[in-house]
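Visitor: This one is target30.cif, mmCIF, C-alpha atoms.
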```cif
data_run
loop_
_atom_site.label_atom_id
_atom_site.label_comp_id
_atom_site.auth_asym_id
_atom_site.auth_seq_id
_atom_site.Cartn_x
_atom_site.Cartn_y
_atom_site.Cartn_z
CA PHE A 272 98.75 109.95 106.39
CA LYS A 273 98.95 106.30 105.47
CA LEU A 274 95.25 105.78 106.22
CA ARG A 275 94.32 108.70 103.96
CA GLU A 276 96.43 107.32 101.13
CA ASN A 277 95.03 103.81 101.54
CA LEU A 278 91.48 105.15 101.59
CA ALA A 279 92.11 107.12 98.37
CA VAL A 280 93.49 104.00 96.66
CA GLU A 281 90.51 101.90 97.74
CA LEU A 282 88.07 104.59 96.62
CA HIS A 283 89.72 104.68 93.22
CA ARG A 284 89.40 100.90 93.02
CA ILE A 285 85.62 101.19 93.45
CA ARG A 286 85.44 104.06 90.95
CA ILE A 287 84.99 106.95 93.34
CA GLN A 288 87.38 109.79 92.62
CA SER A 289 88.93 111.84 95.40
CA ASP A 290 91.02 114.98 95.27
CA PRO A 291 94.64 114.91 96.45
CA SER A 292 94.70 115.92 100.10
CA PHE A 293 97.16 116.96 102.77
CA ALA A 294 94.47 117.32 105.44
CA ASN A 295 92.65 114.82 107.64
CA PHE A 296 89.86 114.34 105.09
CA LEU A 297 89.20 113.39 101.48
CA LEU A 298 86.86 115.12 99.06
CA LEU A 299 84.94 112.42 97.22
CA ARG A 300 83.61 113.29 93.76
CA PHE A 301 80.52 111.58 92.39
CA PRO A 302 79.28 111.84 88.79
CA ASP A 303 76.36 114.07 89.81
CA LEU A 304 74.42 115.62 92.69
CA ASN A 305 71.92 112.77 92.77
CA LEU A 306 74.56 110.07 93.35
CA ALA A 307 76.31 112.21 95.96
CA SER A 308 73.01 112.64 97.80
CA LEU A 309 72.21 108.94 97.57
CA ALA A 310 75.69 108.04 98.84
CA ASN A 311 75.27 110.48 101.74
CA GLN A 312 71.92 108.92 102.67
CA PHE A 313 73.29 105.38 102.30
CA LEU A 314 76.27 106.10 104.52
CA TYR A 315 74.11 107.86 107.12
CA SER A 316 71.69 104.92 107.24
CA ASN A 317 74.71 102.71 108.01
CA GLY A 318 76.01 104.88 110.84
CA ILE A 319 78.58 106.87 108.85
CA ILE A 320 78.33 110.64 108.94
CA VAL A 321 80.06 112.56 106.17
CA ARG A 322 79.86 116.21 105.23
CA ASN A 323 77.76 117.39 102.31
CA VAL A 324 79.76 120.26 100.77
CA SER A 325 77.21 121.42 98.20
CA ASN A 326 77.05 124.81 99.94
CA TYR A 327 80.68 125.33 98.80
CA SER A 328 79.67 124.93 95.13
CA LEU A 329 80.77 121.30 95.27
CA GLU A 330 77.33 119.81 94.59
CA ASN A 331 78.57 116.37 93.58
CA CYS A 332 81.04 115.98 96.47
CA LEU A 333 81.16 114.62 99.99
CA ARG A 334 83.87 115.22 102.56
CA VAL A 335 85.02 112.16 104.50
CA SER A 336 87.17 112.62 107.59
CA ILE A 337 89.99 110.17 108.14
CA GLY A 338 89.43 108.31 111.38
CA THR A 339 90.85 105.04 112.60
CA ALA A 340 91.76 102.10 110.38
CA SER A 341 88.46 100.51 111.38
CA ASP A 342 86.56 103.68 110.42
CA CYS A 343 88.22 103.73 107.01
CA GLU A 344 87.40 100.06 106.44
CA LYS A 345 83.77 100.72 107.32
CA VAL A 346 83.64 103.60 104.81
CA ILE A 347 85.10 101.43 102.04
CA GLU A 348 82.84 98.47 102.85
CA ASN A 349 79.75 100.66 102.73
CA LEU A 350 80.75 102.62 99.64
CA THR A 351 81.53 99.34 97.87
CA ARG A 352 78.01 98.14 98.70
CA PHE A 353 76.64 101.49 97.52
CA GLN A 354 78.50 101.26 94.22
CA GLU A 355 77.33 97.67 93.70
CA LYS A 356 73.75 98.67 94.47
CA ASN A 357 73.92 101.50 91.94
CA TYR A 358 75.58 99.35 89.26
CA ALA A 359 78.75 101.42 89.31
CA LEU A 360 80.90 98.30 89.87
#
```
Before we go any further, please render this structure as structure tokens.
Guide:
Amino acid sequence: FKLRENLAVELHRIRIQSDPSFANFLLLRFPDLNLASLANQFLYSNGIIVRNVSNYSLENCLRVSIGTASDCEKVIENLTRFQEKNYAL
């Protein structure tokens, strides 16, 4: 659970909101569908597969599973680059 909490804190630091979670994943909320789609593509192009949950009426969200500490670091590193690229930081 510590990895999930750390990931949520780091996401908040880079201005990506996530819902409170008691599961092995976080639901990341982006400002709109376009940014969620771009983030999904960016992560995929860097070897990170997340779940698009738009079919659950969560069009601006992505689901990120909590893996190892290294996996979580890779997610944060890539989402930080994504946010910088899209002028969100």
Visitor: Any chance you could resolve the PyMOL selection byres ((chain A and resi 357) around 12) against this file and give the residues as a list in words?
Guide: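 Evaluating the PyMOL selection byres ((chain A and resi 357) around 12) on these coordinates yields Ile285, Arg286, Asn305, Leu306, Ala307, Leu309, Ala310, Phe313, Leu350, Thr351, Arg352, Phe353, Gln354, Glu355, Lys356, Tyr358, Ala359 and Leu360 of chain A.
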Visitor: With distances taken over all atoms listed in the file, which of A:Leu299, A:Leu304, A:Ala279, A:Ile287 is nearest to Ser325 of chain A?
Guide: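 Once distances to Ser325 of chain A are computed over all atoms listed in the file, the minimum belongs to A:Leu304.
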Visitor: To one decimal place in Å, what is the distance between atom CA of Arg334 of chain A and atom CA of Arg284 of chain A?
Guide: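 Between these atoms lies a distance of 18.1 Å.
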Visitor: Which value, in Å to one decimal, gives the distance between atom CA of Glu344 of chain A and atom CA of Leu278 of chain A?
Guide: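 About the pair atom CA of Glu344 of chain A and atom CA of Leu278 of chain A: they are 8.1 Å apart.
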Visitor: What does the distance between atom CA of Tyr327 of chain A and atom CA of Lys345 of chain A come to in Å, to one decimal place?
Guide: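 Atom CA of Lys345 of chain A lies 26.2 Å from atom CA of Tyr327 of chain A.
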Visitor: Mind giving me the axis-aligned box for segment 332-351 of chain A with 5 Å on every side, centre plus edges in Å to one decimal, as lines of an AutoDock Vina configuration file?
Guide:
```
center_x = 85.8
center_y = 107.2
center_z = 104.5
size_x = 22.0
size_y = 27.5
size_z = 26.1
```
Visitor: Restricting the calculation to all atoms listed in the file: of A:Leu297, A:Leu274, A:Leu282, A:Cys332, which residue gets closest to Glu348 of chain A?
Guide: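 Ranked by minimum distance to Glu348 of chain A, first place goes to A:Leu282.
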Visitor: Go through A:Arg300, A:Tyr315, A:Ala294, A:His283 one by one, measure the shortest atom-to-atom distance of each to Glu330 of chain A using all atoms listed in the file, and give the residue with the smallest value.
Guide: A:Arg300
Visitor: Scan for residues within 12 Å of the point (92.6, 107.5, 105.6) in the coordinates of the file, using only C-alpha atoms, and reply as number ranges by chain.
Guide: A: 272-282, 289, 291-298, 335-347
